[in-house]
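Some notes on the structure that comes next.
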Amino acid sequence: MPTLTAALDVPGARLHHEVRGDGPLVVLLGTPMGADAFAGLADLLAVDHTVLTTDTRGIGRSRVDDPDATPTLATRADDVAALIRHVDPDGARGPVTVLGSSGGAVTALALAENHPGLVDTVVAHEPPLVELLPDRDDRHAGEDVVIARWFAGDHLGSWRAFLTNAAIEMPEEMIEMIFGGEPDPAARADGDYQNAHLLRPTTHFRPDIRALRAGPRIVVGIGRDSTGQLCDRSSRVLADALGLEPTLFPGGHIGFAEDAVAFEPVLRSVLPGSR
């Protein structure tokens, strides 16, 4: 499937994005994961959809003018809105669906609040909405440990703290394999930006439930293997506040990347054309 790779200038940043296929527009959005994490899922959807993927500003190939500035959730939502309008300037590729996962799901919810007429459906897959949890203060304190260890140079310790705070259990050998060793320059740069400018705004975002109820259709997605994890808990609180039943997806927090073939049919089942 041919992939168009381009960059879009927006205030304060230049957004790397990729476009595949033809048909109704589906946006696949992660934070801090970039476009590459969604490549397998994008290829599957592109047989009958236009699929837009992107690197969040400050991550990967999306460069920022001021690396010391922290983008707000409204800015991140504006970035996605600008990409949608760029790829679909006349609205001919509607109805538009946005699948956001993890921090990308938080951005997608901000998009639904700030640009409610732009999209038909927002699929929020495991947003880390810490502000909705009763133990929010402890979880925010855990984030402070993650950030402090990262900038102290203890990158493995930072990832350990991240997994502990998110209640994600992982075998020791897997932790060592994935996170052990010094990160390469690109991973180091992404980690620096994530910890300095993305993690706290993401987890401190408190969704406007009234605005979400009045906006585009919301689907709350949870990984079947995520039971008891932070994002499972916060997603269920969100679904309950919106009066929704969560949609269960295969895998865990990054099921879309681990097994796109299993993830894709569940996503298709909640696309606008499936109703």
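As shown in the structure tokens, the chain order sets the letters A, B, ...; within each chain, residues go from 1, and ligands are also counted from 1 in the order they appear.
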
For the contact check between range 240-266 of chain A and range 204-223 of chain A, emit one row per residue of range 240-266 of chain A within 6 Å, containing the shortest atom pair and the distance in Å rounded to one decimal, counting only C-alpha atoms, chain then rising number order, as a tab-separated table.
residue	atom	partner	partner_atom	distance
A:Pro246	CA	A:Val220	CA	5.1
A:Thr247	CA	A:Gly221	CA	4.8
A:Leu248	CA	A:Ile222	CA	5.0
A:Phe249	CA	A:Gly223	CA	4.8
A:Pro250	CA	A:Gly223	CA	5.7
A:Gly251	CA	A:Gly223	CA	5.3
A:Gly252	CA	A:Gly223	CA	4.4
A:His253	CA	A:Gly223	CA	6.0

For range 4-94 of chain A against range 179-198 of chain A, with a cut-off of 10 Å and counting only C-alpha atoms, what is the closest atom pair and its distance in Å to one decimal for every residue that makes the cut, ordered by chain and number, as CSV?
residue,atom,partner,partner_atom,distance
A:Thr31,CA,A:Leu198,CA,8.1
A:Pro32,CA,A:Gln194,CA,6.5
A:Met33,CA,A:Asp190,CA,9.4
A:Thr56,CA,A:Leu198,CA,9.7
A:Arg57,CA,A:Tyr193,CA,9.6
A:Gly58,CA,A:Tyr193,CA,6.4
A:Ile59,CA,A:Asp190,CA,5.4
A:Gly60,CA,A:Asp190,CA,6.5
A:Arg61,CA,A:Ala186,CA,9.6
A:Pro67,CA,A:Tyr193,CA,7.8
A:Asp68,CA,A:His197,CA,8.1
A:Ala69,CA,A:His197,CA,7.4
A:Thr70,CA,A:His197,CA,4.8
A:Pro71,CA,A:His197,CA,7.0
A:Thr72,CA,A:Leu198,CA,8.7
A:Leu73,CA,A:Leu198,CA,9.1
A:Arg76,CA,A:Leu198,CA,10.0

**Request:** Pick out the residues sitting within 9 Å of range 38-50 of chain A, and hand them over as an NGL selection string; count only C-alpha atoms, and ignore anything fewer than 6 positions along from it in its own chain.
**Result:** :A and (1 or 19-30 or 93 or 256-257 or 259-261 or 263-264 or 268)

**In range 99-271 of chain A, DSSP strand (DSSP E) residues written as a PyMOL selection string** = chain A and resi 99-102+121-125+217-223+247-249

For the residues selected in the previous step, produce a file with N, CA, C and O atoms as a short mmCIF file (atom, residue, chain, number, x, y, z; two decimals), in the first residue's frame.
data_model
loop_
_atom_site.label_atom_id
_atom_site.label_comp_id
_atom_site.auth_asym_id
_atom_site.auth_seq_id
_atom_site.Cartn_x
_atom_site.Cartn_y
_atom_site.Cartn_z
N LEU A 99 -8.90 7.34 16.31
CA LEU A 99 -8.51 6.39 17.34
C LEU A 99 -7.28 6.96 18.04
O LEU A 99 -6.22 7.10 17.43
N GLY A 100 -7.42 7.30 19.30
CA GLY A 100 -6.29 7.72 20.09
C GLY A 100 -6.00 6.67 21.14
O GLY A 100 -6.92 6.14 21.76
N SER A 101 -4.73 6.36 21.34
CA SER A 101 -4.35 5.40 22.36
C SER A 101 -3.39 6.03 23.34
O SER A 101 -2.53 6.84 22.96
N SER A 102 -3.54 5.69 24.62
CA SER A 102 -2.70 6.21 25.69
C SER A 102 -2.78 7.74 25.69
O SER A 102 -3.87 8.30 25.70
N THR A 121 -16.56 10.27 15.19
CA THR A 121 -16.36 9.30 16.27
C THR A 121 -14.96 9.44 16.83
O THR A 121 -13.99 9.54 16.07
N VAL A 122 -14.85 9.42 18.15
CA VAL A 122 -13.55 9.37 18.83
C VAL A 122 -13.49 8.06 19.61
O VAL A 122 -14.35 7.79 20.45
N VAL A 123 -12.49 7.24 19.28
CA VAL A 123 -12.25 6.00 20.01
C VAL A 123 -11.09 6.28 20.96
O VAL A 123 -9.95 6.43 20.53
N ALA A 124 -11.39 6.37 22.25
CA ALA A 124 -10.39 6.66 23.27
C ALA A 124 -9.94 5.34 23.87
O ALA A 124 -10.62 4.76 24.71
N HIS A 125 -8.78 4.85 23.41
CA HIS A 125 -8.26 3.56 23.86
C HIS A 125 -7.28 3.77 25.01
O HIS A 125 -6.20 4.30 24.83
N ARG A 217 -19.57 11.24 18.81
CA ARG A 217 -19.73 9.94 19.45
C ARG A 217 -18.40 9.51 20.06
O ARG A 217 -17.35 9.62 19.44
N ILE A 218 -18.45 9.02 21.30
CA ILE A 218 -17.26 8.55 22.01
C ILE A 218 -17.36 7.04 22.21
O ILE A 218 -18.40 6.52 22.62
N VAL A 219 -16.28 6.36 21.91
CA VAL A 219 -16.13 4.94 22.23
C VAL A 219 -14.95 4.84 23.18
O VAL A 219 -13.87 5.36 22.89
N VAL A 220 -15.14 4.19 24.33
CA VAL A 220 -14.05 4.00 25.28
C VAL A 220 -13.54 2.57 25.12
O VAL A 220 -14.27 1.61 25.30
N GLY A 221 -12.27 2.45 24.72
CA GLY A 221 -11.66 1.15 24.48
C GLY A 221 -10.72 0.75 25.60
O GLY A 221 -9.99 1.58 26.14
N ILE A 222 -10.74 -0.54 25.94
CA ILE A 222 -9.86 -1.09 26.98
C ILE A 222 -9.30 -2.41 26.48
O ILE A 222 -10.02 -3.22 25.88
N GLY A 223 -8.02 -2.65 26.71
CA GLY A 223 -7.41 -3.93 26.37
C GLY A 223 -7.89 -5.03 27.29
O GLY A 223 -7.97 -4.84 28.51
N THR A 247 -15.65 -0.81 25.22
CA THR A 247 -15.41 -1.80 24.17
C THR A 247 -14.08 -2.47 24.46
O THR A 247 -13.06 -1.79 24.63
N LEU A 248 -14.09 -3.79 24.53
CA LEU A 248 -12.86 -4.53 24.83
C LEU A 248 -12.11 -4.86 23.55
O LEU A 248 -12.68 -5.41 22.60
N PHE A 249 -10.82 -4.52 23.54
CA PHE A 249 -9.95 -4.79 22.41
C PHE A 249 -8.96 -5.89 22.79
O PHE A 249 -8.63 -6.06 23.95
#

**Item:** Option closest in space to Ala241 in chain A, from A:Leu132, A:Leu52, A:Val145, A:Leu156 [counting only C-alpha atoms]
**Value:**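 Ranking A:Leu132, A:Leu52, A:Val145, A:Leu156 by distance to Ala241 in chain A, first place goes to A:Leu132.
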
**Request:** Enter the distance from CA of Arg200 in chain A to CA of His140 in chain A, in Å, rounded to one decimal.
**Result:**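 A separation of 8.1 Å between them.
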
**Message:** as a count of residues only, please: the residues near range 174-176 of chain A (cut-off 12 Å, only C-alpha atoms, same-chain neighbours under 5 positions excluded).
**Reply:** 14

Quick one: DSSP helix (DSSP H, G or I) residues in range 141-210 of chain A, as a compact mmCIF listing (two decimals) with all heavy atoms, in the first residue's frame?
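So selection.txt came out as:
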# COMPACT_ATOMS: atom_id res chain seq x y z
N ALA A 141 2.49 11.58 42.19
CA ALA A 141 3.78 11.47 42.87
C ALA A 141 4.65 10.42 42.18
O ALA A 141 5.88 10.59 42.06
CB ALA A 141 3.58 11.12 44.34
N GLY A 142 4.02 9.34 41.74
CA GLY A 142 4.76 8.32 40.99
C GLY A 142 5.32 8.86 39.69
O GLY A 142 6.43 8.50 39.28
N GLU A 143 4.57 9.74 39.02
CA GLU A 143 5.07 10.36 37.79
C GLU A 143 6.29 11.23 38.09
O GLU A 143 7.24 11.27 37.28
CB GLU A 143 3.97 11.24 37.17
CG GLU A 143 2.77 10.48 36.66
CD GLU A 143 1.53 11.35 36.61
OE1 GLU A 143 1.68 12.60 36.65
OE2 GLU A 143 0.43 10.80 36.54
N ASP A 144 6.28 11.90 39.22
CA ASP A 144 7.42 12.73 39.59
C ASP A 144 8.68 11.87 39.72
O ASP A 144 9.78 12.30 39.34
CB ASP A 144 7.15 13.46 40.90
CG ASP A 144 6.07 14.52 40.77
OD1 ASP A 144 5.77 14.93 39.63
OD2 ASP A 144 5.51 14.93 41.81
N VAL A 145 8.53 10.65 40.24
CA VAL A 145 9.67 9.74 40.35
C VAL A 145 10.16 9.33 38.97
O VAL A 145 11.38 9.30 38.70
CB VAL A 145 9.29 8.49 41.18
CG1 VAL A 145 10.42 7.47 41.17
CG2 VAL A 145 8.94 8.88 42.61
N VAL A 146 9.22 9.02 38.08
CA VAL A 146 9.58 8.65 36.69
C VAL A 146 10.43 9.76 36.07
O VAL A 146 11.50 9.50 35.49
CB VAL A 146 8.30 8.43 35.86
CG1 VAL A 146 8.64 8.27 34.37
CG2 VAL A 146 7.52 7.22 36.37
N ILE A 147 9.97 10.99 36.19
CA ILE A 147 10.64 12.12 35.56
C ILE A 147 11.99 12.39 36.20
O ILE A 147 13.00 12.61 35.51
CB ILE A 147 9.73 13.36 35.62
CG1 ILE A 147 8.48 13.13 34.76
CG2 ILE A 147 10.48 14.61 35.16
CD1 ILE A 147 7.38 14.14 34.97
N ALA A 148 12.04 12.35 37.53
CA ALA A 148 13.29 12.63 38.24
C ALA A 148 14.35 11.60 37.89
O ALA A 148 15.53 11.96 37.66
CB ALA A 148 13.04 12.65 39.75
N ARG A 149 13.98 10.34 37.84
CA ARG A 149 14.97 9.31 37.50
C ARG A 149 15.45 9.46 36.07
O ARG A 149 16.64 9.26 35.79
CB ARG A 149 14.35 7.92 37.72
CG ARG A 149 14.17 7.55 39.18
CD ARG A 149 13.65 6.13 39.32
NE ARG A 149 13.48 5.77 40.73
CZ ARG A 149 12.99 4.61 41.15
NH1 ARG A 149 12.64 3.68 40.26
NH2 ARG A 149 12.85 4.36 42.43
N TRP A 150 14.56 9.81 35.16
CA TRP A 150 14.96 9.97 33.76
C TRP A 150 16.04 11.04 33.64
O TRP A 150 17.08 10.84 33.00
CB TRP A 150 13.76 10.30 32.88
CG TRP A 150 14.15 10.46 31.44
CD1 TRP A 150 14.51 11.61 30.81
CD2 TRP A 150 14.25 9.41 30.47
NE1 TRP A 150 14.83 11.36 29.49
CE2 TRP A 150 14.68 10.02 29.26
CE3 TRP A 150 14.04 8.04 30.50
CZ2 TRP A 150 14.89 9.28 28.09
CZ3 TRP A 150 14.23 7.31 29.33
CH2 TRP A 150 14.66 7.93 28.15
N PHE A 151 15.79 12.19 34.24
CA PHE A 151 16.73 13.30 34.08
C PHE A 151 17.96 13.17 34.97
O PHE A 151 18.93 13.90 34.78
CB PHE A 151 16.01 14.63 34.29
CG PHE A 151 15.11 14.98 33.13
CD1 PHE A 151 13.73 14.99 33.27
CD2 PHE A 151 15.64 15.25 31.88
CE1 PHE A 151 12.91 15.29 32.20
CE2 PHE A 151 14.83 15.55 30.79
CZ PHE A 151 13.45 15.57 30.96
N HIS A 155 17.76 5.74 33.28
CA HIS A 155 16.67 5.50 32.34
C HIS A 155 15.95 4.19 32.62
O HIS A 155 14.71 4.13 32.53
CB HIS A 155 17.22 5.54 30.91
CG HIS A 155 17.87 6.84 30.57
ND1 HIS A 155 19.11 6.94 29.99
CD2 HIS A 155 17.45 8.12 30.77
CE1 HIS A 155 19.42 8.20 29.83
NE2 HIS A 155 18.44 8.93 30.29
N LEU A 156 16.68 3.15 32.95
CA LEU A 156 16.02 1.89 33.30
C LEU A 156 15.17 2.07 34.56
O LEU A 156 14.04 1.58 34.63
CB LEU A 156 17.06 0.79 33.52
CG LEU A 156 16.53 -0.59 33.92
CD1 LEU A 156 15.54 -1.12 32.90
CD2 LEU A 156 17.68 -1.57 34.12
N GLY A 157 15.71 2.77 35.56
CA GLY A 157 14.94 3.02 36.77
C GLY A 157 13.70 3.85 36.50
O GLY A 157 12.65 3.64 37.14
N SER A 158 13.78 4.76 35.56
CA SER A 158 12.63 5.56 35.18
C SER A 158 11.53 4.68 34.59
O SER A 158 10.35 4.81 34.93
CB SER A 158 13.05 6.65 34.18
OG SER A 158 11.93 7.38 33.73
N TRP A 159 11.93 3.78 33.69
CA TRP A 159 10.94 2.88 33.10
C TRP A 159 10.37 1.92 34.13
O TRP A 159 9.17 1.60 34.09
CB TRP A 159 11.56 2.12 31.93
CG TRP A 159 11.58 2.92 30.67
CD1 TRP A 159 12.67 3.44 30.02
CD2 TRP A 159 10.45 3.31 29.89
NE1 TRP A 159 12.29 4.13 28.90
CE2 TRP A 159 10.94 4.07 28.79
CE3 TRP A 159 9.08 3.11 30.01
CZ2 TRP A 159 10.08 4.61 27.82
CZ3 TRP A 159 8.23 3.66 29.05
CH2 TRP A 159 8.73 4.39 27.97
N ARG A 160 11.18 1.48 35.06
CA ARG A 160 10.65 0.63 36.14
C ARG A 160 9.59 1.39 36.93
O ARG A 160 8.53 0.85 37.26
CB ARG A 160 11.78 0.20 37.08
CG ARG A 160 12.74 -0.83 36.53
CD ARG A 160 13.69 -1.27 37.65
NE ARG A 160 14.82 -2.04 37.15
CZ ARG A 160 14.76 -3.33 36.83
NH1 ARG A 160 13.62 -3.98 36.97
NH2 ARG A 160 15.83 -3.95 36.39
N ALA A 161 9.88 2.64 37.26
CA ALA A 161 8.93 3.45 38.02
C ALA A 161 7.65 3.68 37.20
O ALA A 161 6.54 3.68 37.75
CB ALA A 161 9.56 4.78 38.41
N PHE A 162 7.82 3.87 35.90
CA PHE A 162 6.65 4.07 35.03
C PHE A 162 5.75 2.84 35.05
O PHE A 162 4.53 2.94 35.21
CB PHE A 162 7.12 4.36 33.60
CG PHE A 162 6.00 4.55 32.62
CD1 PHE A 162 5.46 5.81 32.40
CD2 PHE A 162 5.47 3.48 31.90
CE1 PHE A 162 4.41 6.00 31.51
CE2 PHE A 162 4.43 3.66 31.01
CZ PHE A 162 3.90 4.92 30.82
N LEU A 163 6.34 1.66 34.88
CA LEU A 163 5.56 0.42 34.87
C LEU A 163 4.89 0.20 36.23
O LEU A 163 3.71 -0.20 36.28
CB LEU A 163 6.46 -0.76 34.53
CG LEU A 163 7.05 -0.76 33.11
CD1 LEU A 163 8.11 -1.85 32.98
CD2 LEU A 163 5.96 -0.93 32.06
N THR A 164 5.60 0.47 37.32
CA THR A 164 5.02 0.31 38.64
C THR A 164 3.85 1.26 38.84
O THR A 164 2.78 0.88 39.34
CB THR A 164 6.08 0.57 39.73
OG1 THR A 164 7.13 -0.40 39.59
CG2 THR A 164 5.48 0.47 41.12
N ASN A 165 4.02 2.51 38.45
CA ASN A 165 2.97 3.50 38.64
C ASN A 165 1.73 3.17 37.80
O ASN A 165 0.60 3.46 38.21
CB ASN A 165 3.50 4.88 38.28
CG ASN A 165 2.69 6.00 38.91
OD1 ASN A 165 2.40 5.96 40.10
ND2 ASN A 165 2.32 6.99 38.12
N GLU A 172 11.00 -9.70 34.50
CA GLU A 172 12.25 -8.98 34.63
C GLU A 172 13.10 -9.05 33.37
O GLU A 172 13.68 -8.05 32.93
CB GLU A 172 13.04 -9.52 35.82
CG GLU A 172 14.41 -8.88 36.01
CD GLU A 172 14.35 -7.39 36.25
OE1 GLU A 172 13.34 -6.92 36.80
OE2 GLU A 172 15.31 -6.68 35.88
N GLU A 173 13.16 -10.24 32.76
CA GLU A 173 13.99 -10.38 31.55
C GLU A 173 13.45 -9.52 30.41
O GLU A 173 14.22 -9.01 29.59
CB GLU A 173 14.09 -11.84 31.12
CG GLU A 173 12.77 -12.53 30.83
CD GLU A 173 12.14 -13.19 32.06
OE1 GLU A 173 12.52 -12.83 33.19
OE2 GLU A 173 11.28 -14.07 31.87
N MET A 174 12.13 -9.33 30.37
CA MET A 174 11.56 -8.49 29.33
C MET A 174 11.87 -7.02 29.59
O MET A 174 12.16 -6.25 28.65
CB MET A 174 10.04 -8.70 29.24
CG MET A 174 9.39 -7.97 28.08
SD MET A 174 7.63 -8.35 27.92
CE MET A 174 7.71 -10.09 27.47
N ILE A 175 11.80 -6.61 30.85
CA ILE A 175 12.15 -5.23 31.20
C ILE A 175 13.59 -4.94 30.78
O ILE A 175 13.89 -3.90 30.18
CB ILE A 175 11.96 -5.00 32.71
CG1 ILE A 175 10.48 -5.11 33.08
CG2 ILE A 175 12.51 -3.63 33.11
CD1 ILE A 175 10.22 -5.00 34.57
N GLU A 176 14.49 -5.86 31.11
CA GLU A 176 15.89 -5.68 30.76
C GLU A 176 16.08 -5.62 29.24
O GLU A 176 16.85 -4.81 28.72
CB GLU A 176 16.72 -6.82 31.34
CG GLU A 176 16.83 -6.81 32.86
CD GLU A 176 17.79 -5.76 33.37
OE1 GLU A 176 18.52 -5.18 32.54
OE2 GLU A 176 17.82 -5.53 34.59
N MET A 177 15.35 -6.50 28.52
CA MET A 177 15.51 -6.57 27.08
C MET A 177 15.01 -5.29 26.39
O MET A 177 15.65 -4.76 25.48
CB MET A 177 14.75 -7.78 26.53
CG MET A 177 14.86 -7.95 25.02
SD MET A 177 13.95 -9.41 24.42
CE MET A 177 12.26 -8.92 24.74
N ILE A 178 13.86 -4.78 26.85
CA ILE A 178 13.25 -3.62 26.19
C ILE A 178 13.88 -2.31 26.64
O ILE A 178 14.16 -1.43 25.82
CB ILE A 178 11.73 -3.60 26.45
CG1 ILE A 178 11.06 -4.84 25.85
CG2 ILE A 178 11.11 -2.33 25.87
CD1 ILE A 178 9.59 -4.95 26.19
N PHE A 179 14.13 -2.18 27.95
CA PHE A 179 14.53 -0.89 28.49
C PHE A 179 15.97 -0.82 28.98
O PHE A 179 16.45 0.26 29.33
CB PHE A 179 13.59 -0.51 29.65
CG PHE A 179 12.14 -0.48 29.28
CD1 PHE A 179 11.25 -1.40 29.81
CD2 PHE A 179 11.66 0.46 28.38
CE1 PHE A 179 9.91 -1.39 29.48
CE2 PHE A 179 10.32 0.49 28.04
CZ PHE A 179 9.44 -0.45 28.58
N PRO A 185 20.30 8.05 20.46
CA PRO A 185 20.02 9.49 20.51
C PRO A 185 18.56 9.84 20.23
O PRO A 185 18.01 10.75 20.89
CB PRO A 185 20.95 10.06 19.42
CG PRO A 185 22.11 9.09 19.39
CD PRO A 185 21.50 7.75 19.63
N ALA A 186 17.92 9.15 19.29
CA ALA A 186 16.52 9.46 18.98
C ALA A 186 15.62 9.11 20.15
O ALA A 186 14.72 9.88 20.53
CB ALA A 186 16.08 8.72 17.72
N ALA A 187 15.83 7.92 20.74
CA ALA A 187 15.02 7.51 21.89
C ALA A 187 15.29 8.42 23.08
O ALA A 187 14.36 8.73 23.86
CB ALA A 187 15.31 6.06 22.24
N ARG A 188 16.52 8.85 23.25
CA ARG A 188 16.86 9.77 24.35
C ARG A 188 16.13 11.10 24.15
O ARG A 188 15.56 11.66 25.10
CB ARG A 188 18.37 9.98 24.39
CG ARG A 188 18.85 11.04 25.37
CD ARG A 188 18.60 10.65 26.82
NE ARG A 188 19.04 11.69 27.73
CZ ARG A 188 20.25 11.72 28.29
NH1 ARG A 188 21.14 10.78 28.00
NH2 ARG A 188 20.57 12.68 29.11
N ALA A 189 16.14 11.61 22.93
CA ALA A 189 15.46 12.88 22.65
C ALA A 189 13.95 12.76 22.90
O ALA A 189 13.34 13.66 23.49
CB ALA A 189 15.73 13.32 21.22
N ASP A 190 13.35 11.66 22.45
CA ASP A 190 11.92 11.46 22.67
C ASP A 190 11.61 11.34 24.16
O ASP A 190 10.62 11.89 24.66
CB ASP A 190 11.43 10.21 21.95
CG ASP A 190 11.29 10.41 20.45
OD1 ASP A 190 11.45 11.55 19.97
OD2 ASP A 190 11.01 9.42 19.75
N GLY A 191 12.47 10.59 24.88
CA GLY A 191 12.27 10.46 26.32
C GLY A 191 12.40 11.78 27.05
O GLY A 191 11.64 12.08 27.99
N ASP A 192 13.36 12.59 26.64
CA ASP A 192 13.53 13.91 27.24
C ASP A 192 12.27 14.76 27.04
O ASP A 192 11.77 15.39 27.98
CB ASP A 192 14.73 14.63 26.62
CG ASP A 192 16.07 14.08 27.07
OD1 ASP A 192 16.09 13.24 28.00
OD2 ASP A 192 17.09 14.47 26.47
N TYR A 193 11.75 14.76 25.82
CA TYR A 193 10.58 15.60 25.53
C TYR A 193 9.33 15.07 26.22
O TYR A 193 8.54 15.85 26.78
CB TYR A 193 10.35 15.69 24.02
CG TYR A 193 9.43 16.83 23.65
CD1 TYR A 193 9.92 18.13 23.52
CD2 TYR A 193 8.07 16.62 23.44
CE1 TYR A 193 9.07 19.18 23.20
CE2 TYR A 193 7.22 17.66 23.13
CZ TYR A 193 7.72 18.94 23.01
OH TYR A 193 6.88 19.99 22.71
N GLN A 194 9.16 13.75 26.19
CA GLN A 194 8.02 13.14 26.87
C GLN A 194 8.01 13.49 28.35
O GLN A 194 6.99 13.91 28.90
CB GLN A 194 8.06 11.62 26.68
CG GLN A 194 7.33 10.78 27.72
CD GLN A 194 5.82 10.83 27.62
OE1 GLN A 194 5.25 11.57 26.83
NE2 GLN A 194 5.15 10.01 28.42
N ASN A 195 9.14 13.33 29.01
CA ASN A 195 9.19 13.55 30.45
C ASN A 195 9.16 15.03 30.83
O ASN A 195 8.66 15.39 31.89
CB ASN A 195 10.43 12.86 31.03
CG ASN A 195 10.24 11.37 31.16
OD1 ASN A 195 9.50 10.89 32.00
ND2 ASN A 195 10.90 10.60 30.29
N ALA A 196 9.68 15.87 29.96
CA ALA A 196 9.69 17.30 30.26
C ALA A 196 8.38 17.99 29.90
O ALA A 196 7.95 18.93 30.59
CB ALA A 196 10.85 17.98 29.53
N HIS A 197 7.72 17.52 28.83
CA HIS A 197 6.64 18.33 28.26
C HIS A 197 5.32 17.60 27.97
O HIS A 197 4.33 18.27 27.68
CB HIS A 197 7.12 18.97 26.96
CG HIS A 197 8.32 19.84 27.11
ND1 HIS A 197 8.33 20.98 27.90
CD2 HIS A 197 9.57 19.73 26.61
CE1 HIS A 197 9.52 21.55 27.85
NE2 HIS A 197 10.30 20.81 27.08
N LEU A 198 5.29 16.29 28.02
CA LEU A 198 4.07 15.59 27.64
C LEU A 198 3.41 14.82 28.78
O LEU A 198 2.18 14.76 28.85
CB LEU A 198 4.35 14.62 26.47
CG LEU A 198 4.83 15.25 25.17
CD1 LEU A 198 5.10 14.16 24.12
CD2 LEU A 198 3.81 16.26 24.63
N LEU A 199 4.21 14.20 29.64
CA LEU A 199 3.64 13.30 30.63
C LEU A 199 2.71 14.02 31.60
O LEU A 199 1.55 13.60 31.78
CB LEU A 199 4.77 12.59 31.40
CG LEU A 199 4.32 11.59 32.48
CD1 LEU A 199 3.40 10.53 31.89
CD2 LEU A 199 5.54 10.94 33.14
N ARG A 200 3.17 15.07 32.23
CA ARG A 200 2.32 15.75 33.21
C ARG A 200 1.06 16.37 32.59
O ARG A 200 -0.04 16.19 33.14
CB ARG A 200 3.12 16.82 33.96
CG ARG A 200 4.08 16.25 35.01
CD ARG A 200 4.58 17.36 35.93
NE ARG A 200 5.50 16.87 36.96
CZ ARG A 200 6.82 17.02 36.92
NH1 ARG A 200 7.38 17.63 35.88
NH2 ARG A 200 7.58 16.57 37.89
N PRO A 201 1.14 17.10 31.46
CA PRO A 201 -0.10 17.62 30.87
C PRO A 201 -1.09 16.52 30.51
O PRO A 201 -2.30 16.69 30.66
CB PRO A 201 0.40 18.37 29.63
CG PRO A 201 1.80 18.76 29.95
CD PRO A 201 2.35 17.63 30.77
N THR A 202 -0.57 15.38 30.06
CA THR A 202 -1.47 14.27 29.71
C THR A 202 -2.21 13.77 30.93
O THR A 202 -3.45 13.62 30.92
CB THR A 202 -0.66 13.12 29.07
OG1 THR A 202 -0.12 13.56 27.81
CG2 THR A 202 -1.53 11.89 28.85
N THR A 203 -1.50 13.48 32.00
CA THR A 203 -2.13 12.85 33.15
C THR A 203 -2.89 13.85 34.04
O THR A 203 -3.70 13.43 34.88
CB THR A 203 -1.10 12.10 34.01
OG1 THR A 203 -0.11 13.03 34.47
CG2 THR A 203 -0.43 11.01 33.19
N ILE A 209 -16.91 16.36 30.96
CA ILE A 209 -17.89 15.32 30.65
C ILE A 209 -19.09 15.90 29.93
O ILE A 209 -19.62 15.30 28.97
CB ILE A 209 -18.32 14.58 31.94
CG1 ILE A 209 -17.10 13.92 32.60
CG2 ILE A 209 -19.40 13.55 31.63
CD1 ILE A 209 -16.40 12.90 31.73
N ARG A 210 -19.53 17.07 30.34
CA ARG A 210 -20.69 17.69 29.67
C ARG A 210 -20.38 17.98 28.20
O ARG A 210 -21.20 17.71 27.33
CB ARG A 210 -21.07 18.98 30.39
CG ARG A 210 -22.27 19.68 29.78
CD ARG A 210 -22.66 20.92 30.57
NE ARG A 210 -23.09 20.55 31.93
CZ ARG A 210 -23.49 21.44 32.85
NH1 ARG A 210 -23.48 22.74 32.55
NH2 ARG A 210 -23.86 21.04 34.04

**Message:** Please compute the CA of Asp36 in chain A-CA of Thr5 in chain A distance, one decimal, in Å.
**Reply:**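 CA of Thr5 in chain A lies 11.8 Å from CA of Asp36 in chain A.
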